[in-house]
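Notes for the one structure printed next.
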Amino acid sequence: MFTVAADEEGMRLDQVVPKHVQGLSRRKARAVIDEGGVFVDRARTKVAGRPVKAGQVIEVNVGSAVDRTEPPLAPTIVFSDAHVIVADKPAGLVTAPTPESDRGDLLDQLGQQFGEVFLVHRIDLPTSGLLVFARTREANKKLGDAFKVHDVEREYRAVAIGTVIAQTIERPVDGKRAVTHVSVIESLAGATLISARLETGRTHQIRLHLAGNGTPIAGDSQHGGETSRTFIPRAPRLALHAGRLGFVHPATGERMVFESALPPELAAWIARLRPTAP
């Protein structure tokens with residue numbers, strides 16, 4: 001972040017940014033601006049030739065998109081009508097715009113395909129699975145209200161390192177009440193395949209709750225899932241998948257439930273963890 005100096009007034013945005021961001025060429029500066037990673041006085045600005053004024057505060061967020069050579073991952077559309085969209089997000093696709101970019105994320109892709117789309121909830125970048133989006137303001141409000149009162153079914157599949165028992169974990173996340181209901185699906189070699197049902201939906205809730213119990217999710221580099229002393233084959237990615245999503249349709253009142261199978265890379269890895277018969 002920097003403030004435009006008096007002698008920089010009138011310069012193009014793509015000229016002044018490289019002056020203040022080490023290692024950023026003018027070409028890459030234009031790419032960052034085009035991706036939506038530059039804010040002028042807190043407003044996202046995507047016009048590289050915009051003249052700057054002395055005293056303006058410019059924030060530059062350089063993300064991986066600037067060096068992207070392949071198109072972003074695409075979701076699978078599970079269901080859509082005039083009111084809602086249910087999408088199955090692949091791991092590695094961000095759900096919504098970030099300070100670094102407002103292009104190529106799941107919300108942006110859906111907007112390009114369906115027109116105006118409203119974000120209802122998110123799942124983490126390395127997590128795969130089901131999300132619901134609204135297509136009208138009324139649907140967005142009703143779904144948002146359902147999430148607030150916890151009238152949405154959200155169940156995840158995860159592989160936790162070590163032995164997990166069925167339990168309800170109630171431990172605050174960021175000072176807020178957080179509750180996760182855990183059940184065991186299958187015991188594996190050095191790990192446990194579990195179902196985690198969210199009662200509340202805090203950031204990284206399942207990951208933090210399991211890590212706090214000493215059984216982090218495999219592949220979770222942020223919360224100890226790659227530094228555990230228990231040896232198991234390295235996970236191909238974060239072993240967390242939003243596999244079940246249920247909600248009341250905001251227009252029809254019908255209870256809808258959607259399920260998503262474990263992605264192939266996780267299913268194949270889990271198969272390697274199953275104890276062999278004697």
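Identifiers in this document derive from the order of the structure tokens: chains are assigned A, B, ..., residues are numbered from 1 separately in each chain, and ligands are numbered from 1 in order of occurrence.
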
Expected answer as a PyMOL selection string: strand (DSSP E) residues in stretch 72-132 of chain A: chain A and resi 76-80+84-89+118-119+128-132

Selection export as a PDB file, in the first residue's frame, atoms kept: C-alpha atoms:
ATOM      1  CA  THR A  76     -20.066 -29.037 -12.051  1.00  0.00           C
ATOM      2  CA  ILE A  77     -23.611 -27.654 -12.056  1.00  0.00           C
ATOM      3  CA  VAL A  78     -25.697 -30.104 -10.041  1.00  0.00           C
ATOM      4  CA  PHE A  79     -29.005 -28.209 -10.160  1.00  0.00           C
ATOM      5  CA  SER A  80     -30.331 -24.890 -11.390  1.00  0.00           C
ATOM      6  CA  VAL A  84     -31.064 -21.239  -7.060  1.00  0.00           C
ATOM      7  CA  ILE A  85     -27.943 -22.924  -8.383  1.00  0.00           C
ATOM      8  CA  VAL A  86     -26.231 -25.860  -6.706  1.00  0.00           C
ATOM      9  CA  ALA A  87     -22.627 -26.313  -7.812  1.00  0.00           C
ATOM     10  CA  ASP A  88     -19.983 -28.910  -7.017  1.00  0.00           C
ATOM     11  CA  LYS A  89     -16.715 -26.994  -6.559  1.00  0.00           C
ATOM     12  CA  PHE A 118     -25.688 -14.029  -5.244  1.00  0.00           C
ATOM     13  CA  LEU A 119     -23.154 -15.607  -2.884  1.00  0.00           C
ATOM     14  CA  SER A 128     -14.228 -29.568  -2.690  1.00  0.00           C
ATOM     15  CA  GLY A 129     -17.967 -30.058  -2.711  1.00  0.00           C
ATOM     16  CA  LEU A 130     -21.442 -28.594  -2.776  1.00  0.00           C
ATOM     17  CA  LEU A 131     -22.550 -24.965  -2.484  1.00  0.00           C
ATOM     18  CA  VAL A 132     -25.851 -23.219  -3.131  1.00  0.00           C
TER      19      VAL A 132
END

Identify, on the basis of only C-alpha atoms, every residue whose closest approach to A:Ala82 does not exceed 12 Å; exclude the query and any residue fewer than 3 positions from it along the same chain; express the result as a PDB file with C-alpha atoms, in the first residue's frame.
ATOM      1  CA  PHE A  79     -29.005 -28.209 -10.160  1.00  0.00           C
ATOM      2  CA  ILE A  85     -27.943 -22.924  -8.383  1.00  0.00           C
ATOM      3  CA  VAL A  86     -26.231 -25.860  -6.706  1.00  0.00           C
ATOM      4  CA  PHE A 114     -26.390 -17.419 -15.543  1.00  0.00           C
ATOM      5  CA  GLY A 115     -26.312 -13.629 -15.177  1.00  0.00           C
ATOM      6  CA  GLU A 116     -26.688 -12.071 -11.741  1.00  0.00           C
ATOM      7  CA  VAL A 117     -25.837 -14.595  -9.012  1.00  0.00           C
ATOM      8  CA  PHE A 133     -26.094 -19.807  -4.825  1.00  0.00           C
ATOM      9  CA  ALA A 134     -29.141 -17.562  -5.213  1.00  0.00           C
ATOM     10  CA  ARG A 135     -30.365 -16.124  -8.509  1.00  0.00           C
ATOM     11  CA  THR A 136     -32.739 -13.530  -7.059  1.00  0.00           C
ATOM     12  CA  ARG A 137     -32.554 -11.096  -4.153  1.00  0.00           C
ATOM     13  CA  GLU A 138     -35.545 -12.766  -2.503  1.00  0.00           C
ATOM     14  CA  ALA A 139     -33.939 -16.205  -2.760  1.00  0.00           C
ATOM     15  CA  HIS A 249     -36.172 -24.182  -1.690  1.00  0.00           C
ATOM     16  CA  PRO A 250     -36.755 -20.430  -1.255  1.00  0.00           C
ATOM     17  CA  ALA A 251     -39.620 -20.322  -3.789  1.00  0.00           C
ATOM     18  CA  THR A 252     -41.373 -23.700  -3.623  1.00  0.00           C
TER      19      THR A 252
END

Name the residues in contact with stretch 33-40 of chain A at a cut-off of 12 Å, using only C-alpha atoms, excluding same-chain residues fewer than 4 positions from it; report them as a PDB file with N, CA and C atoms, in the first residue's frame.
ATOM      1  N   MET A   1       0.852  -1.187   0.000  1.00  0.00           N
ATOM      2  CA  MET A   1       0.000   0.000   0.000  1.00  0.00           C
ATOM      3  C   MET A   1       0.890   1.240   0.000  1.00  0.00           C
ATOM      4  N   PHE A   2       0.541   2.230  -0.802  1.00  0.00           N
ATOM      5  CA  PHE A   2       1.334   3.455  -0.853  1.00  0.00           C
ATOM      6  C   PHE A   2       0.423   4.638  -1.181  1.00  0.00           C
ATOM      7  N   THR A   3       0.946   5.830  -0.939  1.00  0.00           N
ATOM      8  CA  THR A   3       0.224   7.064  -1.243  1.00  0.00           C
ATOM      9  C   THR A   3       0.897   7.758  -2.424  1.00  0.00           C
ATOM     10  N   VAL A   4       0.100   8.196  -3.378  1.00  0.00           N
ATOM     11  CA  VAL A   4       0.626   8.852  -4.572  1.00  0.00           C
ATOM     12  C   VAL A   4       1.278  10.175  -4.179  1.00  0.00           C
ATOM     13  N   ARG A  12      -0.141   7.315 -15.270  1.00  0.00           N
ATOM     14  CA  ARG A  12      -1.083   6.216 -15.431  1.00  0.00           C
ATOM     15  C   ARG A  12      -0.948   5.255 -14.246  1.00  0.00           C
ATOM     16  N   LEU A  13      -2.042   4.582 -13.939  1.00  0.00           N
ATOM     17  CA  LEU A  13      -2.026   3.629 -12.839  1.00  0.00           C
ATOM     18  C   LEU A  13      -0.987   2.538 -13.075  1.00  0.00           C
ATOM     19  N   ASP A  14      -0.878   2.059 -14.317  1.00  0.00           N
ATOM     20  CA  ASP A  14       0.086   0.996 -14.595  1.00  0.00           C
ATOM     21  C   ASP A  14       1.525   1.504 -14.656  1.00  0.00           C
ATOM     22  N   GLN A  15       1.723   2.815 -14.551  1.00  0.00           N
ATOM     23  CA  GLN A  15       3.071   3.367 -14.444  1.00  0.00           C
ATOM     24  C   GLN A  15       3.491   3.543 -12.987  1.00  0.00           C
ATOM     25  N   VAL A  16       2.543   3.990 -12.163  1.00  0.00           N
ATOM     26  CA  VAL A  16       2.892   4.286 -10.781  1.00  0.00           C
ATOM     27  C   VAL A  16       2.999   3.014  -9.933  1.00  0.00           C
ATOM     28  N   VAL A  17       2.192   2.000 -10.252  1.00  0.00           N
ATOM     29  CA  VAL A  17       2.225   0.767  -9.458  1.00  0.00           C
ATOM     30  C   VAL A  17       3.602   0.098  -9.476  1.00  0.00           C
ATOM     31  N   PRO A  18       4.240  -0.102 -10.646  1.00  0.00           N
ATOM     32  CA  PRO A  18       5.568  -0.748 -10.628  1.00  0.00           C
ATOM     33  C   PRO A  18       6.629   0.054  -9.871  1.00  0.00           C
ATOM     34  N   VAL A  21       6.009  -1.285  -6.202  1.00  0.00           N
ATOM     35  CA  VAL A  21       5.944  -2.720  -5.908  1.00  0.00           C
ATOM     36  C   VAL A  21       7.170  -3.391  -6.513  1.00  0.00           C
ATOM     37  N   LEU A  24       7.701  -5.957  -9.826  1.00  0.00           N
ATOM     38  CA  LEU A  24       6.509  -5.936 -10.675  1.00  0.00           C
ATOM     39  C   LEU A  24       6.780  -5.063 -11.896  1.00  0.00           C
ATOM     40  N   ARG A  26       5.827  -3.351 -15.680  1.00  0.00           N
ATOM     41  CA  ARG A  26       4.615  -2.664 -16.125  1.00  0.00           C
ATOM     42  C   ARG A  26       3.630  -3.653 -16.742  1.00  0.00           C
ATOM     43  N   ARG A  27       4.161  -4.650 -17.451  1.00  0.00           N
ATOM     44  CA  ARG A  27       3.270  -5.660 -18.045  1.00  0.00           C
ATOM     45  C   ARG A  27       2.534  -6.425 -16.951  1.00  0.00           C
ATOM     46  N   LYS A  28       3.264  -6.843 -15.915  1.00  0.00           N
ATOM     47  CA  LYS A  28       2.613  -7.581 -14.831  1.00  0.00           C
ATOM     48  C   LYS A  28       1.687  -6.672 -14.035  1.00  0.00           C
ATOM     49  N   ALA A  29       2.038  -5.393 -13.930  1.00  0.00           N
ATOM     50  CA  ALA A  29       1.153  -4.453 -13.250  1.00  0.00           C
ATOM     51  C   ALA A  29      -0.187  -4.382 -13.967  1.00  0.00           C
ATOM     52  N   ARG A  44     -12.012  -0.978  -5.981  1.00  0.00           N
ATOM     53  CA  ARG A  44     -11.328  -1.801  -6.971  1.00  0.00           C
ATOM     54  C   ARG A  44     -11.311  -1.078  -8.305  1.00  0.00           C
ATOM     55  N   THR A  45     -10.133  -0.976  -8.908  1.00  0.00           N
ATOM     56  CA  THR A  45      -9.969  -0.211 -10.145  1.00  0.00           C
ATOM     57  C   THR A  45      -9.301  -1.094 -11.186  1.00  0.00           C
ATOM     58  N   LYS A  46      -9.918  -1.208 -12.369  1.00  0.00           N
ATOM     59  CA  LYS A  46      -9.416  -2.114 -13.397  1.00  0.00           C
ATOM     60  C   LYS A  46      -9.062  -1.384 -14.698  1.00  0.00           C
ATOM     61  N   VAL A  47      -8.838  -0.066 -14.603  1.00  0.00           N
ATOM     62  CA  VAL A  47      -8.467   0.732 -15.772  1.00  0.00           C
ATOM     63  C   VAL A  47      -6.987   1.082 -15.652  1.00  0.00           C
ATOM     64  N   ALA A  48      -6.153   0.399 -16.444  1.00  0.00           N
ATOM     65  CA  ALA A  48      -4.707   0.582 -16.335  1.00  0.00           C
ATOM     66  C   ALA A  48      -4.277   2.000 -16.679  1.00  0.00           C
ATOM     67  N   GLY A  49      -5.003   2.660 -17.584  1.00  0.00           N
ATOM     68  CA  GLY A  49      -4.624   3.997 -18.020  1.00  0.00           C
ATOM     69  C   GLY A  49      -5.201   5.113 -17.186  1.00  0.00           C
ATOM     70  N   ARG A  50      -5.854   4.787 -16.084  1.00  0.00           N
ATOM     71  CA  ARG A  50      -6.461   5.822 -15.238  1.00  0.00           C
ATOM     72  C   ARG A  50      -5.386   6.720 -14.629  1.00  0.00           C
ATOM     73  N   PRO A  51      -5.491   8.046 -14.797  1.00  0.00           N
ATOM     74  CA  PRO A  51      -4.513   8.957 -14.164  1.00  0.00           C
ATOM     75  C   PRO A  51      -4.713   8.973 -12.653  1.00  0.00           C
ATOM     76  N   VAL A  52      -3.619   8.995 -11.924  1.00  0.00           N
ATOM     77  CA  VAL A  52      -3.707   9.034 -10.468  1.00  0.00           C
ATOM     78  C   VAL A  52      -3.548  10.468  -9.977  1.00  0.00           C
ATOM     79  N   LYS A  53      -4.003  10.678  -8.745  1.00  0.00           N
ATOM     80  CA  LYS A  53      -3.927  12.008  -8.140  1.00  0.00           C
ATOM     81  C   LYS A  53      -3.093  11.944  -6.866  1.00  0.00           C
ATOM     82  N   ALA A  54      -2.390  13.041  -6.584  1.00  0.00           N
ATOM     83  CA  ALA A  54      -1.588  13.111  -5.366  1.00  0.00           C
ATOM     84  C   ALA A  54      -2.471  12.882  -4.138  1.00  0.00           C
ATOM     85  N   GLY A  55      -1.977  12.091  -3.214  1.00  0.00           N
ATOM     86  CA  GLY A  55      -2.722  11.824  -1.987  1.00  0.00           C
ATOM     87  C   GLY A  55      -3.591  10.588  -2.044  1.00  0.00           C
ATOM     88  N   GLN A  56      -3.823  10.040  -3.238  1.00  0.00           N
ATOM     89  CA  GLN A  56      -4.625   8.825  -3.316  1.00  0.00           C
ATOM     90  C   GLN A  56      -3.855   7.654  -2.699  1.00  0.00           C
ATOM     91  N   VAL A  57      -4.591   6.775  -2.021  1.00  0.00           N
ATOM     92  CA  VAL A  57      -3.992   5.593  -1.408  1.00  0.00           C
ATOM     93  C   VAL A  57      -4.251   4.405  -2.324  1.00  0.00           C
ATOM     94  N   ILE A  58      -3.176   3.745  -2.722  1.00  0.00           N
ATOM     95  CA  ILE A  58      -3.283   2.633  -3.659  1.00  0.00           C
ATOM     96  C   ILE A  58      -2.833   1.348  -2.973  1.00  0.00           C
ATOM     97  N   GLU A  59      -3.675   0.337  -3.041  1.00  0.00           N
ATOM     98  CA  GLU A  59      -3.377  -0.978  -2.469  1.00  0.00           C
ATOM     99  C   GLU A  59      -3.217  -1.968  -3.613  1.00  0.00           C
ATOM    100  N   VAL A  60      -2.121  -2.704  -3.595  1.00  0.00           N
ATOM    101  CA  VAL A  60      -1.830  -3.664  -4.656  1.00  0.00           C
ATOM    102  C   VAL A  60      -1.763  -5.062  -4.052  1.00  0.00           C
ATOM    103  N   ASN A  61      -2.600  -5.965  -4.571  1.00  0.00           N
ATOM    104  CA  ASN A  61      -2.632  -7.346  -4.104  1.00  0.00           C
ATOM    105  C   ASN A  61      -2.183  -8.249  -5.245  1.00  0.00           C
ATOM    106  N   VAL A  62      -0.968  -8.728  -5.175  1.00  0.00           N
ATOM    107  CA  VAL A  62      -0.426  -9.565  -6.241  1.00  0.00           C
ATOM    108  C   VAL A  62      -0.686 -11.024  -5.892  1.00  0.00           C
ATOM    109  N   GLY A  63      -1.530 -11.678  -6.670  1.00  0.00           N
ATOM    110  CA  GLY A  63      -1.848 -13.083  -6.434  1.00  0.00           C
ATOM    111  C   GLY A  63      -1.281 -13.966  -7.521  1.00  0.00           C
ATOM    112  N   SER A  64      -1.569 -15.266  -7.412  1.00  0.00           N
ATOM    113  CA  SER A  64      -1.048 -16.223  -8.385  1.00  0.00           C
ATOM    114  C   SER A  64      -1.664 -16.039  -9.757  1.00  0.00           C
ATOM    115  N   ALA A  65      -2.795 -15.353  -9.830  1.00  0.00           N
ATOM    116  CA  ALA A  65      -3.467 -15.183 -11.119  1.00  0.00           C
ATOM    117  C   ALA A  65      -2.597 -14.444 -12.122  1.00  0.00           C
ATOM    118  N   VAL A  66      -1.667 -13.616 -11.633  1.00  0.00           N
ATOM    119  CA  VAL A  66      -0.838 -12.839 -12.540  1.00  0.00           C
ATOM    120  C   VAL A  66       0.065 -13.740 -13.379  1.00  0.00           C
ATOM    121  N   ASP A  67       0.405 -14.918 -12.859  1.00  0.00           N
ATOM    122  CA  ASP A  67       1.258 -15.845 -13.595  1.00  0.00           C
ATOM    123  C   ASP A  67       0.484 -17.049 -14.134  1.00  0.00           C
ATOM    124  N   ARG A  68      -0.843 -16.988 -14.082  1.00  0.00           N
ATOM    125  CA  ARG A  68      -1.643 -18.130 -14.502  1.00  0.00           C
ATOM    126  C   ARG A  68      -1.514 -18.356 -16.002  1.00  0.00           C
ATOM    127  N   PRO A  97     -14.770 -13.581  -5.160  1.00  0.00           N
ATOM    128  CA  PRO A  97     -13.639 -12.662  -5.359  1.00  0.00           C
ATOM    129  C   PRO A  97     -12.804 -12.477  -4.104  1.00  0.00           C
ATOM    130  N   THR A  98     -11.514 -12.256  -4.322  1.00  0.00           N
ATOM    131  CA  THR A  98     -10.565 -11.986  -3.254  1.00  0.00           C
ATOM    132  C   THR A  98      -9.926 -10.632  -3.522  1.00  0.00           C
ATOM    133  N   PRO A  99      -9.151 -10.096  -2.578  1.00  0.00           N
ATOM    134  CA  PRO A  99      -8.440  -8.844  -2.869  1.00  0.00           C
ATOM    135  C   PRO A  99      -7.512  -8.949  -4.074  1.00  0.00           C
ATOM    136  N   GLU A 100      -7.031 -10.163  -4.377  1.00  0.00           N
ATOM    137  CA  GLU A 100      -6.106 -10.344  -5.492  1.00  0.00           C
ATOM    138  C   GLU A 100      -6.808 -10.354  -6.842  1.00  0.00           C
ATOM    139  N   SER A 101      -8.073 -10.811  -6.882  1.00  0.00           N
ATOM    140  CA  SER A 101      -8.726 -10.984  -8.174  1.00  0.00           C
ATOM    141  C   SER A 101     -10.235 -11.072  -8.029  1.00  0.00           C
ATOM    142  N   ASP A 102     -10.935 -10.600  -9.052  1.00  0.00           N
ATOM    143  CA  ASP A 102     -12.384 -10.797  -9.114  1.00  0.00           C
ATOM    144  C   ASP A 102     -12.766 -11.541 -10.386  1.00  0.00           C
ATOM    145  N   ARG A 103     -11.822 -12.304 -10.942  1.00  0.00           N
ATOM    146  CA  ARG A 103     -12.067 -13.041 -12.169  1.00  0.00           C
ATOM    147  C   ARG A 103     -11.722 -14.515 -11.997  1.00  0.00           C
ATOM    148  N   GLY A 104     -12.531 -15.371 -12.600  1.00  0.00           N
ATOM    149  CA  GLY A 104     -12.240 -16.797 -12.625  1.00  0.00           C
ATOM    150  C   GLY A 104     -12.694 -17.573 -11.423  1.00  0.00           C
ATOM    151  N   ASP A 105     -13.126 -16.899 -10.351  1.00  0.00           N
ATOM    152  CA  ASP A 105     -13.628 -17.612  -9.185  1.00  0.00           C
ATOM    153  C   ASP A 105     -14.975 -18.241  -9.504  1.00  0.00           C
ATOM    154  N   ASP A 108     -17.825 -15.767 -10.147  1.00  0.00           N
ATOM    155  CA  ASP A 108     -17.642 -15.109 -11.436  1.00  0.00           C
ATOM    156  C   ASP A 108     -18.039 -16.036 -12.584  1.00  0.00           C
TER     157      ASP A 108
END

Might you pull out every residue within 8 Å of A:His241, with only C-alpha atoms counted and same-chain residues fewer than 6 positions away left off, and present them as a count of residues only? 7

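Proximity ranking of A:Leu198, A:Ala271, A:Pro264, A:Asp41 relative to A:Gly246 places A:Leu198 first, based on only C-alpha atoms.
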
Per residue of stretch 53-168 of chain A within 6 Å of stretch 190-193 of chain A, what are the shortest atom pair and its distance in Å to one decimal, counting only C-alpha atoms, with rows by chain and residue number, as a Markdown table?
| residue | atom | partner | partner_atom | distance |
| --- | --- | --- | --- | --- |
| A:Ala158 | CA | A:Leu193 | CA | 5.8 |
| A:Val159 | CA | A:Leu193 | CA | 4.5 |
| A:Ala160 | CA | A:Thr192 | CA | 5.3 |
| A:Ile161 | CA | A:Ala191 | CA | 4.3 |
| A:Gly162 | CA | A:Ala191 | CA | 4.4 |
| A:Thr163 | CA | A:Thr192 | CA | 5.9 |

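Taking atom CA of A:His150 as the reference point, atom CA of A:Ala218 is found at 27.3 Å.
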
In Å, with one decimal, what is the gap from atom CA of A:Arg154 to atom CA of A:Thr168? 14.9 Å

Using only C-alpha atoms, pick whichever of A:Ala31, A:Gly212, A:Leu240, A:Val248 has the shortest atom-to-atom distance to A:Leu266.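 Of A:Ala31, A:Gly212, A:Leu240, A:Val248, the one nearest A:Leu266, counting only C-alpha atoms, is A:Leu240.
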
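Backbone DSSP of stretch 154-259 of chain A yields helix (DSSP H, G or I) at Gln205, Ile206, Arg207, Leu208, His209, Leu210, Ala211 and Gly212 of chain A.
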
With only C-alpha atoms as the atoms that count, which of A:Leu188, A:Glu9, A:Ala96, A:Ala91 lies nearest to A:Pro126?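 Of A:Leu188, A:Glu9, A:Ala96, A:Ala91, the one nearest A:Pro126 is A:Ala91, counting only C-alpha atoms.
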
Which is closer to A:Ser195 than all the others in A:Pro172, A:Gly224, A:Gly243, A:Gly219, using only C-alpha atoms?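 With only C-alpha atoms as the atom set, the closest residue is A:Gly243.
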
From the list A:Lys148, A:Arg207, A:Arg255, A:Lys19, which residue is nearest A:Ser221 when using only C-alpha atoms?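 Counting only C-alpha atoms, the residue closest to A:Ser221 is A:Arg207.
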
Would you compute the distance between atom CA of A:Thr200 and atom CA of A:Ala178? Give it in Å to one decimal.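 So the two atoms, atom CA of A:Thr200 and atom CA of A:Ala178, lie 5.4 Å apart.
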